[in-house]
$ cat upload18.cif   # mmCIF, C-alpha atoms
data_query
#
loop_
_atom_site.group_PDB
_atom_site.id
_atom_site.type_symbol
_atom_site.label_atom_id
_atom_site.label_comp_id
_atom_site.auth_asym_id
_atom_site.auth_seq_id
_atom_site.Cartn_x
_atom_site.Cartn_y
_atom_site.Cartn_z
ATOM 1 C CA MET A 1 10.222 3.526 -3.753
ATOM 2 C CA SER A 2 6.840 1.947 -3.932
ATOM 3 C CA LEU A 3 5.594 -1.466 -2.864
ATOM 4 C CA HIS A 4 7.063 -3.202 -5.923
ATOM 5 C CA LEU A 5 10.341 -1.304 -5.901
ATOM 6 C CA PHE A 6 10.910 -2.157 -2.240
ATOM 7 C CA CYS A 7 10.082 -5.806 -2.927
ATOM 8 C CA LEU A 8 12.585 -5.782 -5.796
ATOM 9 C CA PHE A 9 15.389 -4.730 -3.451
ATOM 10 C CA ASN A 10 14.427 -7.261 -0.802
ATOM 11 C CA THR A 11 14.219 -10.013 -3.385
ATOM 12 C CA LEU A 12 17.691 -9.236 -4.726
ATOM 13 C CA PHE A 13 19.146 -9.040 -1.210
ATOM 14 C CA PHE A 14 17.617 -12.306 -0.013
ATOM 15 C CA PHE A 15 18.357 -14.066 -3.291
ATOM 16 C CA LYS A 16 22.056 -13.379 -2.833
ATOM 17 C CA ARG A 17 21.980 -14.716 0.695
ATOM 18 C CA CYS A 18 19.849 -17.767 -0.028
ATOM 19 C CA PRO A 19 21.593 -20.940 1.107
ATOM 20 C CA ILE A 20 22.155 -23.462 -1.656
ATOM 21 C CA PHE A 21 22.773 -26.653 0.280
ATOM 22 C CA MET A 22 19.891 -27.072 2.679
ATOM 23 C CA GLU A 23 17.697 -30.035 3.278
ATOM 24 C CA PRO A 24 14.595 -29.602 1.129
ATOM 25 C CA GLN A 25 11.138 -30.320 2.357
ATOM 26 C CA ASN A 26 8.152 -31.048 0.127
ATOM 27 C CA LEU A 27 5.652 -28.236 -0.192
ATOM 28 C CA THR A 28 2.895 -30.491 1.087
ATOM 29 C CA GLY A 29 4.950 -31.083 4.238
ATOM 30 C CA VAL A 30 5.114 -27.364 5.054
ATOM 31 C CA SER A 31 1.946 -26.860 7.035
ATOM 32 C CA GLU A 32 2.912 -23.601 8.698
ATOM 33 C CA PHE A 33 5.424 -20.777 8.897
ATOM 34 C CA PHE A 34 6.594 -18.799 11.908
ATOM 35 C CA LEU A 35 6.345 -15.012 11.869
ATOM 36 C CA MET A 36 9.178 -13.791 14.092
ATOM 37 C CA GLY A 37 7.658 -10.311 14.410
ATOM 38 C CA LEU A 38 9.421 -7.061 15.251
ATOM 39 C CA SER A 39 11.072 -8.079 18.512
ATOM 40 C CA ASP A 40 11.881 -11.166 20.593
ATOM 41 C CA ASP A 41 11.679 -9.163 23.838
ATOM 42 C CA LEU A 42 8.669 -10.424 25.795
ATOM 43 C CA GLU A 43 8.450 -7.187 27.770
ATOM 44 C CA LEU A 44 7.908 -5.217 24.553
ATOM 45 C CA GLN A 45 4.982 -7.351 23.372
ATOM 46 C CA PRO A 46 2.242 -5.537 25.383
ATOM 47 C CA LEU A 47 3.606 -2.193 24.153
ATOM 48 C CA LEU A 48 3.658 -3.393 20.549
ATOM 49 C CA PHE A 49 0.133 -4.767 20.921
ATOM 50 C CA GLY A 50 -1.247 -1.473 22.244
ATOM 51 C CA LEU A 51 0.648 0.610 19.679
ATOM 52 C CA PHE A 52 -0.406 -1.407 16.643
ATOM 53 C CA LEU A 53 -3.980 -1.821 17.866
ATOM 54 C CA SER A 54 -4.252 1.959 18.261
ATOM 55 C CA MET A 55 -2.790 2.638 14.823
ATOM 56 C CA TYR A 56 -5.042 0.027 13.232
ATOM 57 C CA LEU A 57 -8.198 1.447 14.827
ATOM 58 C CA VAL A 58 -7.240 4.991 13.841
ATOM 59 C CA SER A 59 -6.539 3.840 10.278
ATOM 60 C CA VAL A 60 -9.817 1.937 9.891
ATOM 61 C CA LEU A 61 -11.994 4.581 11.568
ATOM 62 C CA GLY A 62 -10.325 7.451 9.711
ATOM 63 C CA ASN A 63 -10.762 5.822 6.307
ATOM 64 C CA LEU A 64 -14.327 4.786 7.132
ATOM 65 C CA LEU A 65 -15.107 8.412 7.993
ATOM 66 C CA ILE A 66 -13.758 9.492 4.604
ATOM 67 C CA ILE A 67 -15.985 6.931 2.855
ATOM 68 C CA LEU A 68 -18.989 7.962 4.967
ATOM 69 C CA ALA A 69 -18.383 11.661 4.317
ATOM 70 C CA VAL A 70 -18.145 11.157 0.553
ATOM 71 C CA SER A 71 -21.198 8.886 0.363
ATOM 72 C CA SER A 72 -23.406 11.105 2.543
ATOM 73 C CA ASP A 73 -22.736 14.476 0.910
ATOM 74 C CA PRO A 74 -24.113 15.023 -2.628
ATOM 75 C CA HIS A 75 -21.626 17.874 -3.101
ATOM 76 C CA LEU A 76 -18.854 15.279 -3.004
ATOM 77 C CA TYR A 77 -20.259 13.149 -5.817
ATOM 78 C CA THR A 78 -17.357 14.062 -8.066
ATOM 79 C CA PRO A 79 -14.593 11.965 -9.692
ATOM 80 C CA MET A 80 -11.926 13.157 -7.229
ATOM 81 C CA TYR A 81 -13.888 12.055 -4.172
ATOM 82 C CA PHE A 82 -15.038 8.873 -5.880
ATOM 83 C CA PHE A 83 -11.399 7.893 -6.326
ATOM 84 C CA LEU A 84 -10.628 9.036 -2.781
ATOM 85 C CA SER A 85 -13.290 6.761 -1.287
ATOM 86 C CA ASN A 86 -11.864 3.831 -3.247
ATOM 87 C CA LEU A 87 -8.370 4.718 -2.021
ATOM 88 C CA SER A 88 -9.663 4.723 1.575
ATOM 89 C CA LEU A 89 -11.247 1.319 1.012
ATOM 90 C CA ALA A 90 -7.935 -0.002 -0.340
ATOM 91 C CA ASP A 91 -6.093 1.412 2.692
ATOM 92 C CA ILE A 92 -8.470 -0.406 5.044
ATOM 93 C CA GLY A 93 -7.814 -3.653 3.190
ATOM 94 C CA PHE A 94 -4.061 -3.019 3.174
ATOM 95 C CA SER A 95 -3.948 -2.548 6.958
ATOM 96 C CA THR A 96 -6.329 -5.435 7.641
ATOM 97 C CA THR A 97 -4.161 -7.818 5.631
ATOM 98 C CA THR A 98 -1.241 -7.661 8.073
ATOM 99 C CA ILE A 99 -2.061 -6.051 11.435
ATOM 100 C CA PRO A 100 -4.877 -8.292 12.824
ATOM 101 C CA LYS A 101 -2.759 -11.430 12.386
ATOM 102 C CA MET A 102 0.147 -9.724 14.125
ATOM 103 C CA LEU A 103 -2.100 -8.659 17.023
ATOM 104 C CA LEU A 104 -3.511 -12.179 17.296
ATOM 105 C CA ASN A 105 -0.038 -13.698 17.439
ATOM 106 C CA ILE A 106 1.039 -11.264 20.161
ATOM 107 C CA GLN A 107 -2.111 -11.879 22.186
ATOM 108 C CA THR A 108 -1.925 -15.678 21.942
ATOM 109 C CA HIS A 109 1.897 -15.803 22.288
ATOM 110 C CA SER A 110 2.004 -17.738 19.022
ATOM 111 C CA ARG A 111 4.057 -17.024 15.923
ATOM 112 C CA SER A 112 2.602 -19.585 13.576
ATOM 113 C CA ILE A 113 0.671 -18.958 10.391
ATOM 114 C CA THR A 114 -0.622 -21.760 8.215
ATOM 115 C CA HIS A 115 0.645 -22.225 4.689
ATOM 116 C CA ALA A 116 -2.782 -21.366 3.252
ATOM 117 C CA ASP A 117 -3.088 -18.229 5.406
ATOM 118 C CA CYS A 118 0.401 -17.165 4.351
ATOM 119 C CA LEU A 119 -0.483 -17.448 0.669
ATOM 120 C CA THR A 120 -3.709 -15.543 1.326
ATOM 121 C CA GLN A 121 -1.775 -12.784 3.071
ATOM 122 C CA VAL A 122 0.695 -12.523 0.186
ATOM 123 C CA SER A 123 -2.190 -12.324 -2.278
ATOM 124 C CA PHE A 124 -4.121 -9.593 -0.428
ATOM 125 C CA PHE A 125 -0.955 -7.644 0.404
ATOM 126 C CA PHE A 126 -0.110 -7.240 -3.280
ATOM 127 C CA LEU A 127 -3.765 -6.734 -4.211
ATOM 128 C CA PHE A 128 -4.313 -3.726 -1.952
ATOM 129 C CA GLY A 129 -0.754 -2.404 -2.237
ATOM 130 C CA CYS A 130 -0.902 -2.400 -6.016
ATOM 131 C CA LEU A 131 -4.438 -0.958 -5.931
ATOM 132 C CA ASP A 132 -3.160 1.944 -3.812
ATOM 133 C CA ASN A 133 -0.436 2.531 -6.363
ATOM 134 C CA LEU A 134 -2.762 2.489 -9.369
ATOM 135 C CA LEU A 135 -5.446 4.621 -7.716
ATOM 136 C CA LEU A 136 -2.893 7.309 -6.915
ATOM 137 C CA ALA A 137 -1.937 7.332 -10.603
ATOM 138 C CA VAL A 138 -5.617 7.581 -11.613
ATOM 139 C CA MET A 139 -6.117 10.449 -9.148
ATOM 140 C CA ALA A 140 -3.077 12.221 -10.609
ATOM 141 C CA TYR A 141 -4.643 11.944 -14.072
ATOM 142 C CA ASP A 142 -7.906 13.320 -12.652
ATOM 143 C CA ARG A 143 -6.062 16.364 -11.240
ATOM 144 C CA PHE A 144 -4.238 16.802 -14.555
ATOM 145 C CA VAL A 145 -7.524 16.993 -16.472
ATOM 146 C CA ALA A 146 -9.103 19.295 -13.859
ATOM 147 C CA ILE A 147 -6.234 21.807 -13.979
ATOM 148 C CA CYS A 148 -4.977 21.575 -17.556
ATOM 149 C CA HIS A 149 -8.361 21.023 -19.270
ATOM 150 C CA PRO A 150 -10.972 22.514 -16.894
ATOM 151 C CA LEU A 151 -13.574 23.233 -19.571
ATOM 152 C CA HIS A 152 -13.532 19.643 -20.816
ATOM 153 C CA TYR A 153 -13.297 18.086 -17.339
ATOM 154 C CA PRO A 154 -16.997 17.059 -16.994
ATOM 155 C CA VAL A 155 -16.936 15.472 -20.439
ATOM 156 C CA ILE A 156 -13.614 13.642 -20.059
ATOM 157 C CA MET A 157 -14.046 12.474 -16.461
ATOM 158 C CA ASN A 158 -17.554 11.135 -16.946
ATOM 159 C CA PRO A 159 -18.998 8.450 -14.610
ATOM 160 C CA CYS A 160 -18.382 5.663 -17.131
ATOM 161 C CA LEU A 161 -14.684 6.489 -17.445
ATOM 162 C CA CYS A 162 -14.290 6.826 -13.670
ATOM 163 C CA GLY A 163 -15.872 3.437 -13.077
ATOM 164 C CA PHE A 164 -13.786 1.925 -15.859
ATOM 165 C CA LEU A 165 -10.532 3.284 -14.384
ATOM 166 C CA VAL A 166 -11.345 1.853 -10.948
ATOM 167 C CA LEU A 167 -12.259 -1.528 -12.433
ATOM 168 C CA VAL A 168 -9.068 -1.632 -14.506
ATOM 169 C CA SER A 169 -7.059 -0.750 -11.395
ATOM 170 C CA PHE A 170 -8.754 -3.481 -9.382
ATOM 171 C CA PHE A 171 -8.393 -6.250 -11.962
ATOM 172 C CA SER A 172 -4.792 -5.254 -12.713
ATOM 173 C CA SER A 173 -4.046 -5.466 -8.982
ATOM 174 C CA LEU A 174 -5.844 -8.798 -8.803
ATOM 175 C CA LEU A 175 -3.689 -10.109 -11.645
ATOM 176 C CA ASP A 176 -0.539 -8.893 -9.912
ATOM 177 C CA SER A 177 -1.540 -10.498 -6.605
ATOM 178 C CA GLN A 178 -2.447 -13.823 -8.173
ATOM 179 C CA ILE A 179 0.839 -14.008 -10.067
ATOM 180 C CA HIS A 180 2.777 -13.427 -6.832
ATOM 181 C CA CYS A 181 0.604 -15.930 -4.976
ATOM 182 C CA LEU A 182 1.097 -18.557 -7.700
ATOM 183 C CA MET A 183 4.829 -17.886 -7.696
ATOM 184 C CA VAL A 184 5.099 -18.431 -3.928
ATOM 185 C CA SER A 185 2.850 -21.503 -3.996
ATOM 186 C CA GLN A 186 5.238 -23.247 -6.417
ATOM 187 C CA LEU A 187 8.266 -22.899 -4.134
ATOM 188 C CA THR A 188 9.883 -25.820 -2.325
ATOM 189 C CA PHE A 189 10.835 -24.775 1.194
ATOM 190 C CA CYS A 190 13.703 -25.782 3.440
ATOM 191 C CA THR A 191 13.298 -27.172 6.936
ATOM 192 C CA SER A 192 13.671 -23.649 8.338
ATOM 193 C CA VAL A 193 10.362 -21.816 7.949
ATOM 194 C CA GLU A 194 11.012 -18.763 10.141
ATOM 195 C CA ILE A 195 9.997 -15.476 8.510
ATOM 196 C CA HIS A 196 11.752 -12.504 10.105
ATOM 197 C CA HIS A 197 8.827 -10.197 9.587
ATOM 198 C CA PHE A 198 5.378 -9.504 11.049
ATOM 199 C CA PHE A 199 3.641 -10.739 7.896
ATOM 200 C CA CYS A 200 4.361 -13.144 5.053
ATOM 201 C CA ASP A 201 6.810 -11.110 3.032
ATOM 202 C CA ALA A 202 7.271 -12.506 -0.486
ATOM 203 C CA PRO A 203 11.025 -11.740 -0.753
ATOM 204 C CA GLN A 204 11.681 -13.551 2.528
ATOM 205 C CA LEU A 205 9.655 -16.519 1.324
ATOM 206 C CA LEU A 206 11.948 -16.624 -1.713
ATOM 207 C CA HIS A 207 14.886 -16.589 0.697
ATOM 208 C CA LEU A 208 13.494 -19.605 2.536
ATOM 209 C CA ALA A 209 13.065 -21.586 -0.675
ATOM 210 C CA CYS A 210 15.528 -24.354 -1.505
ATOM 211 C CA SER A 211 14.499 -24.562 -5.145
ATOM 212 C CA ASP A 212 15.973 -22.377 -7.869
ATOM 213 C CA THR A 213 14.410 -18.913 -7.573
ATOM 214 C CA SER A 214 16.169 -17.192 -10.502
ATOM 215 C CA ILE A 215 13.015 -17.251 -12.648
ATOM 216 C CA ASN A 216 10.988 -15.943 -9.695
ATOM 217 C CA THR A 217 13.452 -13.071 -9.269
ATOM 218 C CA ILE A 218 13.159 -12.143 -12.944
ATOM 219 C CA LEU A 219 9.365 -12.291 -12.641
ATOM 220 C CA VAL A 220 9.414 -9.991 -9.603
ATOM 221 C CA TYR A 221 11.512 -7.455 -11.529
ATOM 222 C CA PHE A 222 9.204 -7.667 -14.534
ATOM 223 C CA MET A 223 6.041 -7.241 -12.453
ATOM 224 C CA GLY A 224 7.649 -4.416 -10.506
ATOM 225 C CA ALA A 225 8.518 -2.564 -13.688
ATOM 226 C CA ILE A 226 4.926 -2.832 -14.921
ATOM 227 C CA PHE A 227 2.830 -2.340 -11.767
ATOM 228 C CA GLY A 228 5.316 -0.129 -9.929
ATOM 229 C CA GLY A 229 7.161 1.819 -12.593
ATOM 230 C CA VAL A 230 4.276 2.615 -14.954
ATOM 231 C CA PRO A 231 1.976 4.209 -12.313
ATOM 232 C CA LEU A 232 4.876 6.204 -10.884
ATOM 233 C CA SER A 233 5.795 7.427 -14.364
ATOM 234 C CA GLY A 234 2.163 8.427 -14.918
ATOM 235 C CA ILE A 235 2.119 10.417 -11.674
ATOM 236 C CA LEU A 236 5.364 12.219 -12.529
ATOM 237 C CA CYS A 237 4.152 12.980 -16.036
ATOM 238 C CA SER A 238 0.808 14.316 -14.768
ATOM 239 C CA TYR A 239 2.402 16.589 -12.180
ATOM 240 C CA THR A 240 4.981 17.837 -14.664
ATOM 241 C CA ARG A 241 2.128 19.001 -16.876
ATOM 242 C CA ILE A 242 0.226 20.362 -13.853
ATOM 243 C CA VAL A 243 3.182 22.435 -12.612
ATOM 244 C CA SER A 244 3.826 23.724 -16.126
ATOM 245 C CA SER A 245 0.183 24.770 -16.428
ATOM 246 C CA ILE A 246 0.087 26.443 -12.999
ATOM 247 C CA LEU A 247 3.227 28.463 -13.728
ATOM 248 C CA ARG A 248 1.480 29.978 -16.754
ATOM 249 C CA VAL A 249 -1.300 31.385 -14.561
ATOM 250 C CA PRO A 250 -0.624 35.157 -14.305
ATOM 251 C CA SER A 251 -2.021 35.916 -10.827
ATOM 252 C CA THR A 252 -0.689 34.597 -7.534
ATOM 253 C CA GLY A 253 -4.223 33.933 -6.338
ATOM 254 C CA GLY A 254 -4.955 31.882 -9.436
ATOM 255 C CA LYS A 255 -1.813 29.835 -8.918
ATOM 256 C CA TYR A 256 -2.734 29.166 -5.299
ATOM 257 C CA LYS A 257 -6.295 28.171 -6.216
ATOM 258 C CA ALA A 258 -5.058 25.809 -8.923
ATOM 259 C CA PHE A 259 -2.458 24.223 -6.654
ATOM 260 C CA SER A 260 -4.916 23.840 -3.750
ATOM 261 C CA THR A 261 -7.061 21.515 -5.868
ATOM 262 C CA CYS A 262 -4.253 18.941 -5.971
ATOM 263 C CA GLY A 263 -2.473 19.740 -2.681
ATOM 264 C CA SER A 264 -4.065 16.892 -0.726
ATOM 265 C CA HIS A 265 -3.349 14.334 -3.416
ATOM 266 C CA LEU A 266 0.233 15.530 -3.777
ATOM 267 C CA SER A 267 0.680 15.165 -0.005
ATOM 268 C CA VAL A 268 -0.602 11.582 -0.103
ATOM 269 C CA VAL A 269 1.661 10.765 -3.066
ATOM 270 C CA CYS A 270 4.690 12.168 -1.217
ATOM 271 C CA LEU A 271 3.727 10.197 1.891
ATOM 272 C CA PHE A 272 3.150 6.978 -0.068
ATOM 273 C CA TYR A 273 6.370 7.047 -2.059
ATOM 274 C CA GLY A 274 8.359 8.866 0.614
ATOM 275 C CA THR A 275 7.836 6.139 3.197
ATOM 276 C CA GLY A 276 8.623 3.509 0.565
ATOM 277 C CA LEU A 277 11.842 5.342 -0.268
ATOM 278 C CA GLY A 278 12.660 5.581 3.440
ATOM 279 C CA VAL A 279 12.238 1.823 3.819
ATOM 280 C CA TYR A 280 14.449 1.259 0.777
ATOM 281 C CA LEU A 281 17.226 3.521 2.084
ATOM 282 C CA SER A 282 17.101 2.086 5.605
ATOM 283 C CA SER A 283 17.365 -1.427 4.174
ATOM 284 C CA SER A 284 20.308 -0.345 2.031
ATOM 285 C CA VAL A 285 22.168 1.093 5.021
ATOM 286 C CA SER A 286 21.439 -1.890 7.267
ATOM 287 C CA PRO A 287 20.444 -5.001 5.247
ATOM 288 C CA SER A 288 18.970 -6.881 8.209
ATOM 289 C CA PRO A 289 15.670 -8.768 7.887
ATOM 290 C CA ARG A 290 14.486 -7.641 11.340
ATOM 291 C CA ARG A 291 15.390 -3.986 10.746
ATOM 292 C CA SER A 292 13.773 -4.162 7.341
ATOM 293 C CA ALA A 293 10.591 -5.376 9.031
ATOM 294 C CA VAL A 294 10.689 -2.481 11.490
ATOM 295 C CA ALA A 295 11.223 0.008 8.660
ATOM 296 C CA SER A 296 8.326 -1.441 6.650
ATOM 297 C CA VAL A 297 5.946 -0.460 9.475
ATOM 298 C CA MET A 298 6.074 3.068 8.044
ATOM 299 C CA TYR A 299 4.910 1.784 4.679
ATOM 300 C CA THR A 300 2.321 -0.795 5.687
ATOM 301 C CA VAL A 301 0.836 0.792 8.814
ATOM 302 C CA VAL A 302 1.643 4.479 9.191
ATOM 303 C CA THR A 303 0.812 5.591 5.636
ATOM 304 C CA PRO A 304 -2.776 4.172 5.578
ATOM 305 C CA MET A 305 -3.294 5.738 9.009
ATOM 306 C CA LEU A 306 -2.143 9.221 7.945
ATOM 307 C CA ASN A 307 -3.986 9.409 4.613
ATOM 308 C CA PRO A 308 -7.375 10.354 6.168
ATOM 309 C CA PHE A 309 -5.713 13.109 8.206
ATOM 310 C CA THR A 310 -3.983 14.441 5.105
ATOM 311 C CA TYR A 311 -7.257 14.771 3.203
ATOM 312 C CA SER A 312 -9.402 15.943 6.120
ATOM 313 C CA LEU A 313 -6.945 18.599 7.326
ATOM 314 C CA ARG A 314 -6.176 20.039 3.886
ATOM 315 C CA ASN A 315 -9.613 19.732 2.301
ATOM 316 C CA LYS A 316 -12.443 22.079 3.255
ATOM 317 C CA ASP A 317 -15.102 19.972 1.524
ATOM 318 C CA ILE A 318 -14.182 16.871 3.530
ATOM 319 C CA LYS A 319 -14.065 18.842 6.782
ATOM 320 C CA ARG A 320 -17.465 20.366 6.023
ATOM 321 C CA ALA A 321 -18.963 16.942 5.289
ATOM 322 C CA LEU A 322 -17.466 15.478 8.479
ATOM 323 C CA TRP A 323 -18.875 18.328 10.571
ATOM 324 C CA ARG A 324 -22.322 17.675 9.066
ATOM 325 C CA ILE A 325 -22.066 14.026 10.113
ATOM 326 C CA ILE A 326 -20.973 15.003 13.626
ATOM 327 C CA SER A 327 -23.772 17.579 13.954
ATOM 328 C CA ARG A 328 -26.378 14.971 12.977
ATOM 329 C CA THR A 329 -25.260 12.669 15.773
ATOM 330 C CA ASP A 330 -25.559 15.417 18.410
#

$ encode --input "upload18.cif" --output "structure tokens"
Amino acid sequence: MSLHLFCLFNTLFFFKRCPIFMEPQNLTGVSEFFLMGLSDDLELQPLLFGLFLSMYLVSVLGNLLIILAVSSDPHLYTPMYFFLSNLSLADIGFSTTTIPKMLLNIQTHSRSITHADCLTQVSFFFLFGCLDNLLLAVMAYDRFVAICHPLHYPVIMNPCLCGFLVLVSFFSSLLDSQIHCLMVSQLTFCTSVEIHHFFCDAPQLLHLACSDTSINTILVYFMGAIFGGVPLSGILCSYTRIVSSILRVPSTGGKYKAFSTCGSHLSVVCLFYGTGLGVYLSSSVSPSPRRSAVASVMYTVVTPMLNPFTYSLRNKDIKRALWRIISRTD
């Protein structure tokens, strides 16, 4: 359902298919991997290049506009928009981790990625993916306090707590990414180093390994339960309390006003976990590495691109700040 839950499924699937009797190759001898991408059709490569370049530029520019709007408007110096700007920064990092390397490989007609670059990509992929997950949980808590405890909101969500929550999210994500990176770096790979994906996907790296990966699989499940399950549980708990509180509001107008304060965040949460669930279900129906890679485009590329639109279209404060920026440039 989220980044970790999807990785859990992929890990289990590839672990079952992992060949036992293959010629091992020392880790020091593996200098590079080959990213097989989304398609082997040469005629599709220019189309894929243009499509992913467009989506990447839209994602980066859209999230940069959100950060610029929040930083330039004093009316947006609130906890909700502080977390939103950090979420936009994480989305930029998430997209930048995978797409530029894919575009470079298409442009240069090369599929190789060095062992060091692959480990770096794994590390940053889990760093920004986990950070997205944790920030959404923090934002859900922020909306819970704003709706269920409005009078105490300024006291509870003070600048020190907001900064602390972001720092905890970042260092927790850093820990998660380094554990996954260390896990992959200890693997002994077979002579086949073809990754049927457009980035270094950790479950597929486990599939390529000739060494025993049972401990790695257990570790992936454990990390997924902590960094994937706990934030999701926090989001569900927060919105359960939010819905319960909104239903107690007597007037329809009051209910609408209360719900509108968390509508944008709820849309992003549904998009984030909805695309992850879609990838999971598509992989379950057709457990093919290539099709799994195509499905993961929704999670790794489309979601960071749509988040700025979700907040700008549903949020009057963001739209007002963006119009001020545009009017200054005229």

$ resolve_selection --input "upload18.cif" --expression "the PyMOL selection byres ((chain A and resi 325) around 12)" --output "VMD selection string"
chain A and resid 65 to 73 318 to 324 326 to 330

$ write_last_selection --input "upload18.cif" --atoms "C-alpha atoms" --output "PDB file, in the frame of the given file"
ATOM      1  CA  LEU A  65     -15.107   8.412   7.993  1.00  0.00           C
ATOM      2  CA  ILE A  66     -13.758   9.492   4.604  1.00  0.00           C
ATOM      3  CA  ILE A  67     -15.985   6.931   2.855  1.00  0.00           C
ATOM      4  CA  LEU A  68     -18.989   7.962   4.967  1.00  0.00           C
ATOM      5  CA  ALA A  69     -18.383  11.661   4.317  1.00  0.00           C
ATOM      6  CA  VAL A  70     -18.145  11.157   0.553  1.00  0.00           C
ATOM      7  CA  SER A  71     -21.198   8.886   0.363  1.00  0.00           C
ATOM      8  CA  SER A  72     -23.406  11.105   2.543  1.00  0.00           C
ATOM      9  CA  ASP A  73     -22.736  14.476   0.910  1.00  0.00           C
ATOM     10  CA  ILE A 318     -14.182  16.871   3.530  1.00  0.00           C
ATOM     11  CA  LYS A 319     -14.065  18.842   6.782  1.00  0.00           C
ATOM     12  CA  ARG A 320     -17.465  20.366   6.023  1.00  0.00           C
ATOM     13  CA  ALA A 321     -18.963  16.942   5.289  1.00  0.00           C
ATOM     14  CA  LEU A 322     -17.466  15.478   8.479  1.00  0.00           C
ATOM     15  CA  TRP A 323     -18.875  18.328  10.571  1.00  0.00           C
ATOM     16  CA  ARG A 324     -22.322  17.675   9.066  1.00  0.00           C
ATOM     17  CA  ILE A 326     -20.973  15.003  13.626  1.00  0.00           C
ATOM     18  CA  SER A 327     -23.772  17.579  13.954  1.00  0.00           C
ATOM     19  CA  ARG A 328     -26.378  14.971  12.977  1.00  0.00           C
ATOM     20  CA  THR A 329     -25.260  12.669  15.773  1.00  0.00           C
ATOM     21  CA  ASP A 330     -25.559  15.417  18.410  1.00  0.00           C
TER      22      ASP A 330
END

$ residues_around --input "upload18.cif" --residues "range 82-90 of chain A" --least-positions-apart "4" --cutoff "7 Å" --atoms "all atoms listed in the file" --output "list in words"
Asn63, Ile66, Ile67, Val70, Tyr77, Thr78, Phe94, Phe128, Leu131, Asp132, Leu135 and Met139 of chain A

$ residues_near_point --input "upload18.cif" --point "(2.1, 14.2, -14.7)" --cutoff "12 Å" --atoms "all atoms listed in the file" --output "PyMOL selection string"
chain A and resi 136-145+147-148+230-245+262+266

$ write_last_selection --input "upload18.cif" --atoms "C-alpha atoms" --output "CSV table (one decimal), in the frame of the given file"
chain,number,residue,atom,x,y,z
A,136,LEU,CA,-2.9,7.3,-6.9
A,137,ALA,CA,-1.9,7.3,-10.6
A,138,VAL,CA,-5.6,7.6,-11.6
A,139,MET,CA,-6.1,10.4,-9.1
A,140,ALA,CA,-3.1,12.2,-10.6
A,141,TYR,CA,-4.6,11.9,-14.1
A,142,ASP,CA,-7.9,13.3,-12.7
A,143,ARG,CA,-6.1,16.4,-11.2
A,144,PHE,CA,-4.2,16.8,-14.6
A,145,VAL,CA,-7.5,17.0,-16.5
A,147,ILE,CA,-6.2,21.8,-14.0
A,148,CYS,CA,-5.0,21.6,-17.6
A,230,VAL,CA,4.3,2.6,-15.0
A,231,PRO,CA,2.0,4.2,-12.3
A,232,LEU,CA,4.9,6.2,-10.9
A,233,SER,CA,5.8,7.4,-14.4
A,234,GLY,CA,2.2,8.4,-14.9
A,235,ILE,CA,2.1,10.4,-11.7
A,236,LEU,CA,5.4,12.2,-12.5
A,237,CYS,CA,4.2,13.0,-16.0
A,238,SER,CA,0.8,14.3,-14.8
A,239,TYR,CA,2.4,16.6,-12.2
A,240,THR,CA,5.0,17.8,-14.7
A,241,ARG,CA,2.1,19.0,-16.9
A,242,ILE,CA,0.2,20.4,-13.9
A,243,VAL,CA,3.2,22.4,-12.6
A,244,SER,CA,3.8,23.7,-16.1
A,245,SER,CA,0.2,24.8,-16.4
A,262,CYS,CA,-4.3,18.9,-6.0
A,266,LEU,CA,0.2,15.5,-3.8

$ atom_distance --input "upload18.cif" --atom1 "CA of His115 in chain A" --atom2 "CA of Ala293 in chain A"
20.0 Å

$ resolve_selection --input "upload18.cif" --expression "the PyMOL selection byres ((chain A and resi 208) around 8)" --output "ChimeraX atom specification"
/A:18,189-190,192-193,204-207,209-210

$ write_last_selection --input "upload18.cif" --atoms "C-alpha atoms" --output "PDB file, in the frame of the given file"
ATOM      1  CA  CYS A  18      19.849 -17.767  -0.028  1.00  0.00           C
ATOM      2  CA  PHE A 189      10.835 -24.775   1.194  1.00  0.00           C
ATOM      3  CA  CYS A 190      13.703 -25.782   3.440  1.00  0.00           C
ATOM      4  CA  SER A 192      13.671 -23.649   8.338  1.00  0.00           C
ATOM      5  CA  VAL A 193      10.362 -21.816   7.949  1.00  0.00           C
ATOM      6  CA  GLN A 204      11.681 -13.551   2.528  1.00  0.00           C
ATOM      7  CA  LEU A 205       9.655 -16.519   1.324  1.00  0.00           C
ATOM      8  CA  LEU A 206      11.948 -16.624  -1.713  1.00  0.00           C
ATOM      9  CA  HIS A 207      14.886 -16.589   0.697  1.00  0.00           C
ATOM     10  CA  ALA A 209      13.065 -21.586  -0.675  1.00  0.00           C
ATOM     11  CA  CYS A 210      15.528 -24.354  -1.505  1.00  0.00           C
TER      12      CYS A 210
END
